[in-house]
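Undergrad: Structure supplied as run_7.tsv; contents: TSV, C-alpha atoms.
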chain	number	residue	atom	x	y	z
X	430	MET	CA	26.71	44.90	12.12
X	431	LEU	CA	25.41	47.20	14.82
X	432	ILE	CA	23.25	44.49	16.27
X	433	LEU	CA	26.19	42.10	16.35
X	434	ARG	CA	28.35	44.73	18.00
X	435	VAL	CA	25.72	45.40	20.69
X	436	LEU	CA	25.42	41.68	21.35
X	437	GLN	CA	29.17	41.42	21.81
X	438	SER	CA	28.95	42.87	25.31
X	439	GLY	CA	26.69	40.06	26.46
X	440	PRO	CA	23.30	38.40	25.96
X	441	ILE	CA	20.43	40.85	25.77
X	442	HIS	CA	16.83	40.76	24.60
X	443	GLY	CA	15.35	42.20	21.46
X	444	TYR	CA	13.85	45.34	22.90
X	445	ALA	CA	17.11	46.19	24.65
X	446	ILE	CA	19.05	45.86	21.42
X	447	GLY	CA	16.97	48.62	19.89
X	448	GLN	CA	17.21	50.70	23.04
X	449	ARG	CA	20.93	50.32	23.33
X	450	ILE	CA	21.59	51.27	19.74
X	451	HIS	CA	19.33	54.27	20.21
X	452	VAL	CA	21.10	55.37	23.40
X	453	LEU	CA	24.64	54.57	22.35
X	454	SER	CA	24.21	56.55	19.14
X	455	SER	CA	23.13	59.56	21.25
X	456	GLU	CA	19.62	59.03	19.95
X	457	VAL	CA	20.66	59.56	16.38
X	458	LEU	CA	19.93	56.02	15.23
X	459	ALA	CA	16.71	54.18	15.87
X	460	VAL	CA	16.24	50.57	14.92
X	461	GLU	CA	12.82	49.88	13.47
X	462	GLU	CA	11.06	46.85	14.90
X	463	GLY	CA	10.19	45.95	11.35
X	464	LEU	CA	13.90	45.58	10.68
X	465	LEU	CA	15.17	44.36	14.03
X	466	TYR	CA	13.18	41.15	14.34
X	467	PRO	CA	13.58	39.94	10.77
X	468	THR	CA	17.31	40.58	11.10
X	469	LEU	CA	17.48	38.67	14.35
X	470	GLN	CA	15.68	35.75	12.74
X	471	LYS	CA	18.10	35.81	9.85
X	472	MET	CA	21.01	35.79	12.27
X	473	LEU	CA	19.50	32.81	14.05
X	474	VAL	CA	19.27	30.95	10.78
X	475	LYS	CA	22.81	31.90	9.83
X	476	GLY	CA	23.99	30.69	13.22
X	477	TRP	CA	25.50	34.01	14.25
X	478	VAL	CA	23.35	34.26	17.38
X	479	ILE	CA	21.42	31.86	19.56
X	480	ALA	CA	18.38	32.66	21.68
X	481	GLU	CA	17.84	31.55	25.25
X	482	TRP	CA	14.98	32.08	27.62
X	483	GLY	CA	15.62	34.44	30.49
X	484	ILE	CA	13.85	36.81	32.83
X	485	SER	CA	13.63	40.45	31.89
X	486	GLU	CA	14.06	43.38	34.24
X	487	THR	CA	10.27	43.59	34.31
X	488	ASN	CA	10.11	39.99	35.55
X	489	ARG	CA	8.85	38.57	32.30
X	490	LYS	CA	10.05	35.50	30.43
X	491	VAL	CA	11.85	36.75	27.33
X	492	ARG	CA	14.46	35.51	24.96
X	493	PHE	CA	18.00	36.75	25.26
X	494	TYR	CA	20.14	36.73	22.16
X	495	ARG	CA	23.74	35.70	22.49
X	496	LEU	CA	26.60	35.89	20.00
X	497	THR	CA	28.11	32.60	18.82
X	498	PRO	CA	31.76	32.18	17.81
X	499	GLU	CA	30.56	32.28	14.22
X	500	GLY	CA	28.78	35.55	14.95
X	501	ARG	CA	31.99	36.98	16.38
X	502	LYS	CA	33.80	36.01	13.23
X	503	GLN	CA	31.11	37.65	11.15
X	504	LEU	CA	31.29	40.81	13.27
X	505	LYS	CA	35.03	41.00	12.78
X	506	ALA	CA	34.68	40.59	9.04
X	507	GLU	CA	31.97	43.25	8.83
X	508	LEU	CA	33.92	45.68	10.99
X	509	SER	CA	37.02	45.37	8.87
X	510	SER	CA	35.12	45.85	5.64
X	511	TYR	CA	33.30	48.82	7.22
X	512	ASP	CA	36.68	50.28	8.23
X	513	ARG	CA	37.95	49.91	4.71
X	514	VAL	CA	34.97	51.72	3.28
X	515	THR	CA	35.01	54.58	5.79
X	516	GLN	CA	38.75	55.03	5.31
X	517	ALA	CA	38.24	55.21	1.59
X	518	ILE	CA	35.49	57.78	2.01
X	519	GLN	CA	37.63	59.82	4.41
X	520	GLU	CA	40.44	59.70	1.92
X	521	ILE	CA	38.23	61.12	-0.78
X	522	LEU	CA	36.77	63.79	1.46
X	523	ARG	CA	40.25	64.94	2.49
X	524	THR	CA	41.98	64.98	-0.86
X	525	ALA	CA	39.33	65.72	-3.42
U	141	MET	CA	25.92	23.32	5.42
U	142	GLY	CA	25.22	24.27	9.03
U	143	GLU	CA	22.86	26.89	7.77
U	144	PHE	CA	21.00	24.32	5.72
U	145	PHE	CA	20.38	22.15	8.79
U	146	ARG	CA	19.34	25.16	10.81
U	147	ARG	CA	16.85	26.00	8.09
U	148	ILE	CA	15.46	22.48	8.23
U	149	ARG	CA	15.22	22.77	12.01
U	150	CYS	CA	13.34	26.03	11.54
U	151	LEU	CA	10.87	24.20	9.34
U	152	ILE	CA	10.35	21.40	11.84
U	153	ASN	CA	10.10	23.64	14.90
U	154	ARG	CA	8.28	26.46	13.26
U	155	ARG	CA	5.36	26.34	15.67
U	156	ARG	CA	7.66	26.74	18.64
U	157	LEU	CA	9.77	29.35	16.87
U	158	ASP	CA	6.69	31.28	15.95
U	159	ALA	CA	5.53	31.24	19.57
U	160	GLU	CA	8.95	32.51	20.62
U	161	LEU	CA	8.86	35.23	18.05
U	162	GLU	CA	5.40	36.20	19.17
U	163	SER	CA	6.64	36.43	22.74
U	164	ASP	CA	9.53	38.65	21.56
U	165	VAL	CA	7.23	40.97	19.71
U	166	GLU	CA	4.70	41.03	22.52
U	167	PHE	CA	7.42	41.91	25.01
U	168	HIS	CA	8.72	44.61	22.74
U	169	ARG	CA	5.26	46.10	22.51
U	170	GLU	CA	4.86	46.05	26.29
U	171	MET	CA	8.18	47.79	26.76
U	172	ALA	CA	7.41	50.33	24.08
U	173	ALA	CA	4.06	51.08	25.71
U	174	ARG	CA	5.83	51.49	29.04
U	175	ALA	CA	8.18	53.99	27.41
U	176	GLY	CA	5.18	55.93	26.21
U	177	ARG	CA	5.24	54.88	22.57
U	178	ARG	CA	1.96	53.57	21.25
U	179	ASN	CA	2.40	53.37	17.51
U	180	PHE	CA	3.90	49.95	17.35
U	181	GLY	CA	2.18	48.93	14.15
U	182	ASN	CA	0.80	45.58	13.13
U	183	THR	CA	2.37	42.79	15.16
U	184	LEU	CA	1.13	40.11	12.80
U	185	ARG	CA	2.72	41.83	9.86
U	186	LEU	CA	5.93	42.19	11.82
U	187	ARG	CA	5.96	38.51	12.70
U	188	GLU	CA	5.35	37.61	9.10
U	189	GLN	CA	8.29	39.72	7.98
U	190	ALA	CA	10.51	38.10	10.59
U	191	ARG	CA	9.42	34.64	9.51
U	192	GLU	CA	10.58	35.35	5.97
U	193	ALA	CA	14.12	35.10	7.32
U	194	TRP	CA	13.67	31.37	7.91
U	195	GLY	CA	13.41	30.97	4.18
U	196	TRP	CA	10.23	28.89	4.17
U	197	ALA	CA	7.76	31.58	3.26
U	198	TRP	CA	7.39	30.10	-0.21
U	199	LEU	CA	6.36	26.82	1.35
U	200	ASP	CA	3.70	28.52	3.44
U	201	ARG	CA	2.41	30.27	0.36
U	202	LEU	CA	2.46	27.05	-1.61
U	203	VAL	CA	0.42	25.29	1.04
U	204	GLN	CA	-2.00	28.20	1.10
U	205	ASP	CA	-2.34	28.10	-2.68
U	206	LEU	CA	-2.90	24.36	-2.62
U	207	HIS	CA	-5.60	24.75	0.03
U	208	PHE	CA	-7.21	27.44	-2.04
U	209	GLY	CA	-7.04	25.32	-5.18
U	210	LEU	CA	-8.53	22.31	-3.42
U	211	ARG	CA	-11.37	24.40	-2.06
U	212	ILE	CA	-12.13	25.75	-5.52
U	213	LEU	CA	-12.07	22.25	-7.02
U	214	ALA	CA	-14.27	20.84	-4.27
U	215	ARG	CA	-16.81	23.54	-4.92
U	216	SER	CA	-17.33	22.46	-8.55
U	217	PRO	CA	-17.04	18.68	-8.68
U	218	GLY	CA	-18.25	18.47	-12.29
U	219	PHE	CA	-15.45	20.67	-13.50
U	220	THR	CA	-12.98	18.76	-11.36
U	221	LEU	CA	-14.13	15.46	-12.80
U	222	MET	CA	-13.81	16.74	-16.36
U	223	ALA	CA	-10.38	18.19	-15.75
U	224	VAL	CA	-9.13	15.00	-14.15
U	225	LEU	CA	-10.59	12.91	-16.98
U	226	VAL	CA	-9.11	15.08	-19.71
U	227	LEU	CA	-5.68	15.17	-18.16
U	228	GLY	CA	-5.86	11.51	-17.19
U	229	ILE	CA	-6.66	10.39	-20.71
U	230	GLY	CA	-4.03	12.67	-22.24
U	231	ILE	CA	-1.31	11.49	-19.91
U	232	GLY	CA	-2.44	7.87	-19.91
U	233	VAL	CA	-2.36	7.58	-23.69
U	234	ASN	CA	1.13	9.02	-23.76
U	235	VAL	CA	2.47	6.84	-21.00
U	236	SER	CA	1.07	3.66	-22.53
U	237	ALA	CA	2.24	4.54	-26.05
U	238	PHE	CA	5.75	5.32	-24.92
U	239	SER	CA	6.03	2.36	-22.57
U	240	LEU	CA	4.88	0.11	-25.39
U	241	PHE	CA	7.53	1.59	-27.65
U	242	ASP	CA	10.07	1.20	-24.87
U	243	MET	CA	9.11	-2.43	-24.35
U	244	VAL	CA	9.23	-3.51	-27.98
U	245	ALA	CA	12.01	-1.36	-29.35
U	246	LEU	CA	14.23	0.11	-26.66
U	247	LYS	CA	14.59	-2.42	-23.88
U	248	PRO	CA	16.99	-5.22	-24.78
U	249	LEU	CA	15.77	-8.77	-24.36
U	250	PRO	CA	16.84	-10.53	-21.17
U	251	VAL	CA	19.51	-12.61	-22.85
U	252	ARG	CA	23.29	-12.64	-22.78
U	253	ASP	CA	24.89	-10.00	-25.07
U	254	PRO	CA	21.72	-8.79	-26.78
U	255	ASP	CA	23.93	-6.64	-29.03
U	256	THR	CA	25.29	-9.64	-30.89
U	257	ILE	CA	21.87	-11.03	-31.76
U	258	VAL	CA	20.66	-10.29	-35.26
U	259	ARG	CA	17.34	-10.92	-36.84
U	260	LEU	CA	17.66	-12.23	-40.38
U	261	GLU	CA	14.98	-11.64	-42.97
U	262	ARG	CA	14.64	-12.35	-46.65
U	263	ARG	CA	14.77	-9.38	-48.93
U	264	SER	CA	14.96	-8.77	-52.62
U	265	PRO	CA	14.45	-5.64	-54.70
U	266	ASN	CA	10.74	-6.43	-55.02
U	267	SER	CA	9.96	-8.82	-52.22
U	268	TYR	CA	10.16	-8.96	-48.50
U	269	SER	CA	9.49	-11.69	-46.00
U	270	SER	CA	10.38	-12.05	-42.38
U	271	GLU	CA	9.98	-15.81	-42.66
U	272	MET	CA	11.99	-18.39	-44.52
U	273	SER	CA	11.75	-22.11	-45.03
U	274	TYR	CA	13.21	-24.43	-42.45
U	275	PRO	CA	15.60	-26.21	-44.84
U	276	SER	CA	17.02	-22.85	-45.97
U	277	PHE	CA	17.50	-21.96	-42.34
U	278	ALA	CA	19.26	-25.26	-41.74
U	279	PHE	CA	21.49	-24.58	-44.74
U	280	TYR	CA	22.46	-21.16	-43.43
U	281	ARG	CA	22.98	-22.53	-39.94
U	282	ASP	CA	25.24	-25.29	-41.13
U	283	HIS	CA	27.34	-23.20	-43.46
U	284	ALA	CA	27.58	-19.74	-41.98
U	285	LYS	CA	30.83	-19.14	-40.14
U	286	THR	CA	30.02	-15.60	-39.13
U	287	LEU	CA	27.19	-16.81	-36.89
U	288	SER	CA	28.13	-18.64	-33.72
U	289	ALA	CA	24.56	-19.83	-33.24
U	290	ALA	CA	21.30	-19.66	-35.07
U	291	MET	CA	17.71	-20.16	-34.05
U	292	ALA	CA	14.57	-20.77	-36.02
U	293	VAL	CA	11.16	-20.20	-34.57
U	294	LEU	CA	7.72	-21.24	-35.67
U	295	GLY	CA	5.06	-19.19	-33.95
U	296	VAL	CA	6.18	-17.17	-30.95
U	297	PRO	CA	9.87	-17.00	-30.04
U	298	PRO	CA	10.50	-18.88	-26.79
U	299	MET	CA	12.48	-15.97	-25.44
U	300	GLN	CA	9.22	-14.12	-25.14
U	301	ILE	CA	7.54	-16.75	-23.04
U	302	ASP	CA	8.22	-14.96	-19.80
U	303	ASP	CA	6.23	-12.06	-21.09
U	304	ASP	CA	2.51	-12.78	-20.96
U	305	ALA	CA	1.62	-9.79	-23.06
U	306	SER	CA	3.34	-11.09	-26.17
U	307	LEU	CA	1.02	-14.08	-26.17
U	308	GLY	CA	-2.05	-11.98	-25.75
U	309	GLY	CA	-2.33	-13.10	-22.14
U	310	GLN	CA	-2.68	-16.77	-23.13
U	311	HIS	CA	-0.12	-19.37	-22.42
U	312	PRO	CA	-0.01	-22.07	-25.04
U	313	ASP	CA	-0.83	-25.45	-23.62
U	314	ILE	CA	2.12	-27.09	-25.24
U	315	TRP	CA	5.43	-26.20	-26.82
U	316	LEU	CA	6.71	-28.47	-29.54
U	317	PRO	CA	10.26	-28.64	-30.69
U	318	MET	CA	10.08	-27.76	-34.35
U	319	ALA	CA	12.03	-30.81	-35.37
U	320	GLN	CA	9.19	-32.97	-34.01
U	321	GLN	CA	6.63	-31.30	-36.27
U	322	PRO	CA	6.24	-34.21	-38.75
U	323	TYR	CA	5.53	-36.62	-35.89
U	324	PHE	CA	2.64	-34.56	-34.61
U	325	ILE	CA	1.18	-33.20	-37.80
U	326	ALA	CA	0.70	-35.81	-40.47
U	327	GLY	CA	2.06	-34.83	-43.87
U	328	SER	CA	3.92	-31.76	-42.60
U	329	HIS	CA	6.67	-30.73	-44.96
U	330	VAL	CA	7.92	-27.88	-42.84
U	331	LEU	CA	11.30	-29.46	-42.29
U	332	THR	CA	11.95	-30.38	-45.89
U	333	ASP	CA	10.11	-28.02	-48.20
U	334	PHE	CA	12.27	-25.12	-49.40
U	335	GLY	CA	9.17	-23.33	-50.63
U	336	ASP	CA	7.37	-23.36	-47.25
U	337	SER	CA	8.39	-20.08	-45.62
U	338	SER	CA	7.32	-20.58	-42.07
U	339	VAL	CA	10.14	-19.93	-39.64
U	340	ARG	CA	11.76	-16.79	-38.44
U	341	MET	CA	15.51	-16.75	-38.03
U	342	TRP	CA	17.75	-15.22	-35.41
U	343	GLY	CA	21.49	-15.59	-35.25
U	344	ARG	CA	24.21	-14.75	-32.83
U	345	LEU	CA	27.20	-13.07	-34.43
U	346	ALA	CA	30.49	-14.87	-33.90
U	347	PRO	CA	32.98	-12.90	-31.78
U	348	GLY	CA	34.48	-9.97	-33.68
U	349	VAL	CA	32.05	-10.25	-36.58
U	350	THR	CA	29.93	-7.30	-37.62
U	351	ALA	CA	26.44	-7.60	-39.00
U	352	LYS	CA	27.70	-6.40	-42.40
U	353	MET	CA	30.28	-9.21	-42.59
U	354	ALA	CA	27.62	-11.76	-41.70
U	355	GLU	CA	25.31	-10.33	-44.37
U	356	GLN	CA	28.02	-10.74	-46.98
U	357	GLU	CA	28.68	-14.33	-46.12
U	358	LEU	CA	24.98	-15.12	-45.98
U	359	GLY	CA	24.52	-13.45	-49.36
U	360	ALA	CA	27.01	-15.87	-50.86
U	361	LEU	CA	25.14	-18.72	-49.21
U	362	THR	CA	21.86	-17.45	-50.67
U	363	ASN	CA	23.36	-17.57	-54.14
U	364	GLU	CA	24.43	-21.15	-53.47
U	365	LEU	CA	20.87	-21.98	-52.33
U	366	ARG	CA	19.42	-20.40	-55.47
U	367	ARG	CA	21.65	-22.60	-57.57
U	368	GLN	CA	20.34	-25.68	-55.76
U	369	HIS	CA	16.68	-24.65	-55.56
U	370	PRO	CA	16.10	-22.08	-58.31
U	371	GLY	CA	12.31	-21.99	-57.86
U	372	ASP	CA	12.27	-21.22	-54.17
U	373	ILE	CA	14.77	-18.40	-53.92
U	374	TRP	CA	13.79	-15.01	-55.33
U	375	ASP	CA	15.82	-13.14	-57.92
U	376	GLY	CA	18.26	-10.87	-56.18
U	377	GLU	CA	17.36	-12.29	-52.79
U	378	TYR	CA	19.60	-11.62	-49.85
U	379	LEU	CA	19.31	-11.83	-46.09
U	380	GLN	CA	18.98	-8.53	-44.35
U	381	SER	CA	20.19	-8.36	-40.79
U	382	SER	CA	18.84	-6.04	-38.18
U	383	THR	CA	19.58	-5.78	-34.53
U	384	GLY	CA	17.61	-8.57	-32.95
U	385	GLY	CA	18.18	-7.94	-29.28
U	386	HIS	CA	14.75	-6.38	-28.94
U	387	LEU	CA	11.26	-7.73	-28.90
U	388	GLN	CA	10.41	-5.97	-32.13
U	389	VAL	CA	12.84	-5.64	-34.98
U	390	MET	CA	12.81	-2.02	-36.00
U	391	GLN	CA	13.23	-1.21	-39.65
U	392	SER	CA	14.00	2.36	-40.53
U	393	GLU	CA	10.50	2.79	-41.98
U	394	MET	CA	9.07	1.58	-38.71
U	395	TYR	CA	11.01	4.25	-36.87
U	396	ARG	CA	9.22	6.76	-39.04
U	397	VAL	CA	5.89	5.20	-38.14
U	398	ALA	CA	6.85	5.13	-34.48
U	399	ALA	CA	7.90	8.76	-34.62
U	400	MET	CA	4.59	9.63	-36.21
U	401	ALA	CA	2.69	7.70	-33.54
U	402	GLY	CA	4.73	9.49	-30.92
U	403	ALA	CA	3.94	12.84	-32.44
U	404	LEU	CA	0.26	11.90	-32.52
U	405	THR	CA	0.17	10.91	-28.88
U	406	LEU	CA	1.97	14.14	-27.98
U	407	LEU	CA	-0.68	15.97	-29.95
U	408	ILE	CA	-3.32	14.19	-27.92
U	409	LEU	CA	-1.65	15.52	-24.79
U	410	ALA	CA	-1.52	18.99	-26.29
U	411	VAL	CA	-5.18	18.76	-27.25
U	412	SER	CA	-6.16	17.64	-23.77
U	413	CYS	CA	-4.23	20.57	-22.34
U	414	ALA	CA	-6.01	22.88	-24.75
U	415	ASN	CA	-9.35	21.36	-23.71
U	416	LEU	CA	-8.55	21.98	-20.10
U	417	GLY	CA	-7.56	25.53	-20.95
U	418	GLY	CA	-10.91	25.97	-22.70
U	419	LEU	CA	-12.73	24.63	-19.66
U	420	LEU	CA	-10.88	27.04	-17.40
U	421	LEU	CA	-11.66	29.89	-19.74
U	422	ALA	CA	-15.34	28.98	-19.82
U	423	LYS	CA	-15.35	28.81	-16.04
U	424	ALA	CA	-13.68	32.18	-15.77
U	425	VAL	CA	-16.14	33.70	-18.21
U	426	THR	CA	-19.20	32.40	-16.35
U	427	ARG	CA	-17.78	33.83	-13.19
Take the structure I supplied and represent it as structure tokens, if you would.

TA:
Amino acid sequence: MLILRVLQSGPIHGYAIGQRIHVLSSEVLAVEEGLLYPTLQKMLVKGWVIAEWGISETNRKVRFYRLTPEGRKQLKAELSSYDRVTQAIQEILRTA
Amino acid sequence: MGEFFRRIRCLINRRRLDAELESDVEFHREMAARAGRRNFGNTLRLREQAREAWGWAWLDRLVQDLHFGLRILARSPGFTLMAVLVLGIGIGVNVSAFSLFDMVALKPLPVRDPDTIVRLERRSPNSYSSEMSYPSFAFYRDHAKTLSAAMAVLGVPPMQIDDDASLGGQHPDIWLPMAQQPYFIAGSHVLTDFGDSSVRMWGRLAPGVTAKMAEQELGALTNELRRQHPGDIWDGEYLQSSTGGHLQVMQSEMYRVAAMAGALTLLILAVSCANLGGLLLAKAVTR
């Protein structure tokens, strides 16, 4: 879900996905490479993202991942289910 | 659906995809090194994990296993030969036994409505013959109303001609209509002698008639025949019908025999498997 959300703001390459999640979470979350790339591959297979060649900020040919309409749909679904769960947890924490 | 095709594409383009993945990982490592992190871990392992997502890892492993197996077999040709022989014989015996059974008993003959064809054989409490005399056949043919057609055959039924195997691979040089027999063989009584059981009889059931009804009518005709020719018809004789639309007429006892033969051939397969298991065990022990 986080990867999808990061991709929503535009195509970006694999390393940057990890970096952005790390930075945006105020360095609380770190995405393991061992998780990031398998997940990206799975998303490619599911058709949620596509990969295109581009030039990185270090002038190197790299692949940029971009969200597809299907990926957007998936993101929306995951966000809403995440909202439901967090709300439920909040509810319990407040009232119990 | 879309995912399925993407998976197939992954399989076809896996070399390219792997190169792309490698580039990704390589780039990541470069960037991480630039940021001062060195402990990136095993890139090969990482790529392997990522490839699992394509869903073809099992295929890779299968191919690897097959390669391994082939190498092992190539290294011990004697063992390979034995294994192939044992399995080949076991499977071959089974296939031939069951295809033979299928040919003679299961596959209907290539004629119209094979279901309505019955084979008719003489039976009595203490006698059995699959052949009857031609004049008896003619009597049945002329008087039976439950049969729309009847056929008598001396030798091999003509409906089997198209099948070389039934003649032992030989084609007879000449086919004679049975009714011409006396012209070709001097002194032949086949057509007139009630005591000369030499033809086999098939009949086609008239529309709407069951084999049981035909048997009843033919039984009455047998009694009539016995009255006319007391010496040639057995006591208690009747005609037994069996489904005749197959090459071989299967009696219930023959099904038992066939089942036994089937069980035997299956046992042969089991034994050959056991042999192979023994061979493998011996090989493992010597190793």

Undergrad: Could you work out which residues of chain X fall inside 8 Å of chain U? Count only C-alpha atoms, and format the result as a list in words.

TA: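 Therefore, the residues near the partner are Gly443, Tyr444, Glu462, Gly463, Tyr466, Pro467, Thr468, Leu469, Gln470, Lys471, Val474, Lys475, Gly476, Val491 and Arg492 of chain X.
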
Undergrad: Find the spatial neighbours of U:Pro265, counting all atoms listed in the file, within a cut-off of 7 Å - ignore same-chain residues fewer than 2 positions away - and output them as a PDB file with C-alpha atoms, in the frame of the given file.

TA:
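Result file is result_39.pdb:
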ATOM      1  CA  ARG U 263      14.770  -9.380 -48.930  1.00  0.00           C
ATOM      2  CA  SER U 267       9.960  -8.820 -52.220  1.00  0.00           C
ATOM      3  CA  GLY U 376      18.260 -10.870 -56.180  1.00  0.00           C
TER       4      GLY U 376
END

Undergrad: List the neighbours of stretch 287-291 of chain U out to 9 Å using only C-alpha atoms; skip same-chain residues closer than 2 positions along the sequence, and give me the result as a PyMOL selection string.

TA: chain U and resi 277-278+280-281+284-285+293+340-347+349+354

Undergrad: If you keep C-alpha atoms, can you produce a file of those selected residues as a PDB file, in the coordinates of the input?

TA:
ATOM      1  CA  PHE U 277      17.500 -21.960 -42.340  1.00  0.00           C
ATOM      2  CA  ALA U 278      19.260 -25.260 -41.740  1.00  0.00           C
ATOM      3  CA  TYR U 280      22.460 -21.160 -43.430  1.00  0.00           C
ATOM      4  CA  ARG U 281      22.980 -22.530 -39.940  1.00  0.00           C
ATOM      5  CA  ALA U 284      27.580 -19.740 -41.980  1.00  0.00           C
ATOM      6  CA  LYS U 285      30.830 -19.140 -40.140  1.00  0.00           C
ATOM      7  CA  VAL U 293      11.160 -20.200 -34.570  1.00  0.00           C
ATOM      8  CA  ARG U 340      11.760 -16.790 -38.440  1.00  0.00           C
ATOM      9  CA  MET U 341      15.510 -16.750 -38.030  1.00  0.00           C
ATOM     10  CA  TRP U 342      17.750 -15.220 -35.410  1.00  0.00           C
ATOM     11  CA  GLY U 343      21.490 -15.590 -35.250  1.00  0.00           C
ATOM     12  CA  ARG U 344      24.210 -14.750 -32.830  1.00  0.00           C
ATOM     13  CA  LEU U 345      27.200 -13.070 -34.430  1.00  0.00           C
ATOM     14  CA  ALA U 346      30.490 -14.870 -33.900  1.00  0.00           C
ATOM     15  CA  PRO U 347      32.980 -12.900 -31.780  1.00  0.00           C
ATOM     16  CA  VAL U 349      32.050 -10.250 -36.580  1.00  0.00           C
ATOM     17  CA  ALA U 354      27.620 -11.760 -41.700  1.00  0.00           C
TER      18      ALA U 354
END

Undergrad: Interatomic distance between atom CA of U:Ser412 and atom CA of U:Ala424?

TA: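 About the pair atom CA of U:Ser412 and atom CA of U:Ala424: they are 18.2 Å apart.
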
Undergrad: To one decimal place in Å, what is the distance between atom CA of U:Val224 and atom CA of U:Ala237?

TA: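 Distance reported for this atom pair: 19.5 Å.
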
Undergrad: Determine, counting only C-alpha atoms, which protein, DNA and RNA residues have an atom within 12 Å of an atom of X:Arg501; residues of the same chain fewer than 3 positions away are not included. Present the result as a list in words.

TA: Met430, Ile432, Leu433, Arg434, Val435, Leu436, Gln437, Ser438, Gly439, Met472, Gly476, Trp477, Val478, Arg495, Leu496, Thr497, Pro498, Leu504, Lys505, Ala506, Glu507 and Leu508 of chain X

Undergrad: I want to know what sits within 7 Å of X:Tyr494, based on all atoms listed in the file, with residues of the same chain fewer than 6 positions away left out; could you give that as a list in words?

TA: Pro440, Ile441, His442, Val478, Ile479, Ala480 and Glu481 of chain X

Undergrad: Could you tell me how far atom CA of U:Arg259 sits from atom CA of U:Phe241, in Å to one decimal place?

TA: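 Distance reported for this atom pair: 18.4 Å.
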
Undergrad: Neighbours of stretch 421-423 of chain U within 12 Å (all atoms listed in the file; same-chain residues fewer than 2 positions away dropped), as a ChimeraX atom specification?

TA: /U:212-213,216,218-220,223,414-419,425-427

Undergrad: Since the input has fewer atoms than a full residue there, write stretch 487-500 of chain X out with N, CA and C atoms, as a PDB file, in the frame of the given file.

TA:
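Contents of result.pdb, freshly written:
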ATOM      1  N   THR X 487      11.643  43.417  33.861  1.00  0.00           N
ATOM      2  CA  THR X 487      10.270  43.590  34.310  1.00  0.00           C
ATOM      3  C   THR X 487       9.677  42.256  34.763  1.00  0.00           C
ATOM      4  N   ASN X 488      10.554  41.293  35.043  1.00  0.00           N
ATOM      5  CA  ASN X 488      10.110  39.990  35.550  1.00  0.00           C
ATOM      6  C   ASN X 488       9.254  39.205  34.554  1.00  0.00           C
ATOM      7  N   ARG X 489       9.623  39.277  33.298  1.00  0.00           N
ATOM      8  CA  ARG X 489       8.850  38.570  32.300  1.00  0.00           C
ATOM      9  C   ARG X 489       9.781  37.599  31.588  1.00  0.00           C
ATOM     10  N   LYS X 490       9.216  36.464  31.161  1.00  0.00           N
ATOM     11  CA  LYS X 490      10.050  35.500  30.430  1.00  0.00           C
ATOM     12  C   LYS X 490      10.303  36.032  29.029  1.00  0.00           C
ATOM     13  N   VAL X 491      11.539  36.282  28.689  1.00  0.00           N
ATOM     14  CA  VAL X 491      11.850  36.750  27.330  1.00  0.00           C
ATOM     15  C   VAL X 491      13.075  36.002  26.822  1.00  0.00           C
ATOM     16  N   ARG X 492      13.303  36.191  25.549  1.00  0.00           N
ATOM     17  CA  ARG X 492      14.460  35.510  24.960  1.00  0.00           C
ATOM     18  C   ARG X 492      15.633  36.467  24.896  1.00  0.00           C
ATOM     19  N   PHE X 493      16.770  35.970  25.326  1.00  0.00           N
ATOM     20  CA  PHE X 493      18.000  36.750  25.260  1.00  0.00           C
ATOM     21  C   PHE X 493      18.820  36.219  24.084  1.00  0.00           C
ATOM     22  N   TYR X 494      19.326  37.141  23.299  1.00  0.00           N
ATOM     23  CA  TYR X 494      20.140  36.730  22.160  1.00  0.00           C
ATOM     24  C   TYR X 494      21.603  36.787  22.530  1.00  0.00           C
ATOM     25  N   ARG X 495      22.334  35.769  22.130  1.00  0.00           N
ATOM     26  CA  ARG X 495      23.740  35.700  22.490  1.00  0.00           C
ATOM     27  C   ARG X 495      24.556  35.428  21.209  1.00  0.00           C
ATOM     28  N   LEU X 496      25.730  36.054  21.165  1.00  0.00           N
ATOM     29  CA  LEU X 496      26.600  35.890  20.000  1.00  0.00           C
ATOM     30  C   LEU X 496      27.270  34.517  20.043  1.00  0.00           C
ATOM     31  N   THR X 497      27.361  33.857  18.896  1.00  0.00           N
ATOM     32  CA  THR X 497      28.110  32.600  18.820  1.00  0.00           C
ATOM     33  C   THR X 497      29.504  32.917  18.286  1.00  0.00           C
ATOM     34  N   PRO X 498      30.427  31.963  18.393  1.00  0.00           N
ATOM     35  CA  PRO X 498      31.760  32.180  17.810  1.00  0.00           C
ATOM     36  C   PRO X 498      31.672  32.565  16.337  1.00  0.00           C
ATOM     37  N   GLU X 499      30.736  31.947  15.651  1.00  0.00           N
ATOM     38  CA  GLU X 499      30.560  32.280  14.220  1.00  0.00           C
ATOM     39  C   GLU X 499      30.128  33.722  14.067  1.00  0.00           C
ATOM     40  N   GLY X 500      29.253  34.171  14.992  1.00  0.00           N
ATOM     41  CA  GLY X 500      28.780  35.550  14.950  1.00  0.00           C
ATOM     42  C   GLY X 500      29.934  36.512  15.198  1.00  0.00           C
TER      43      GLY X 500
END
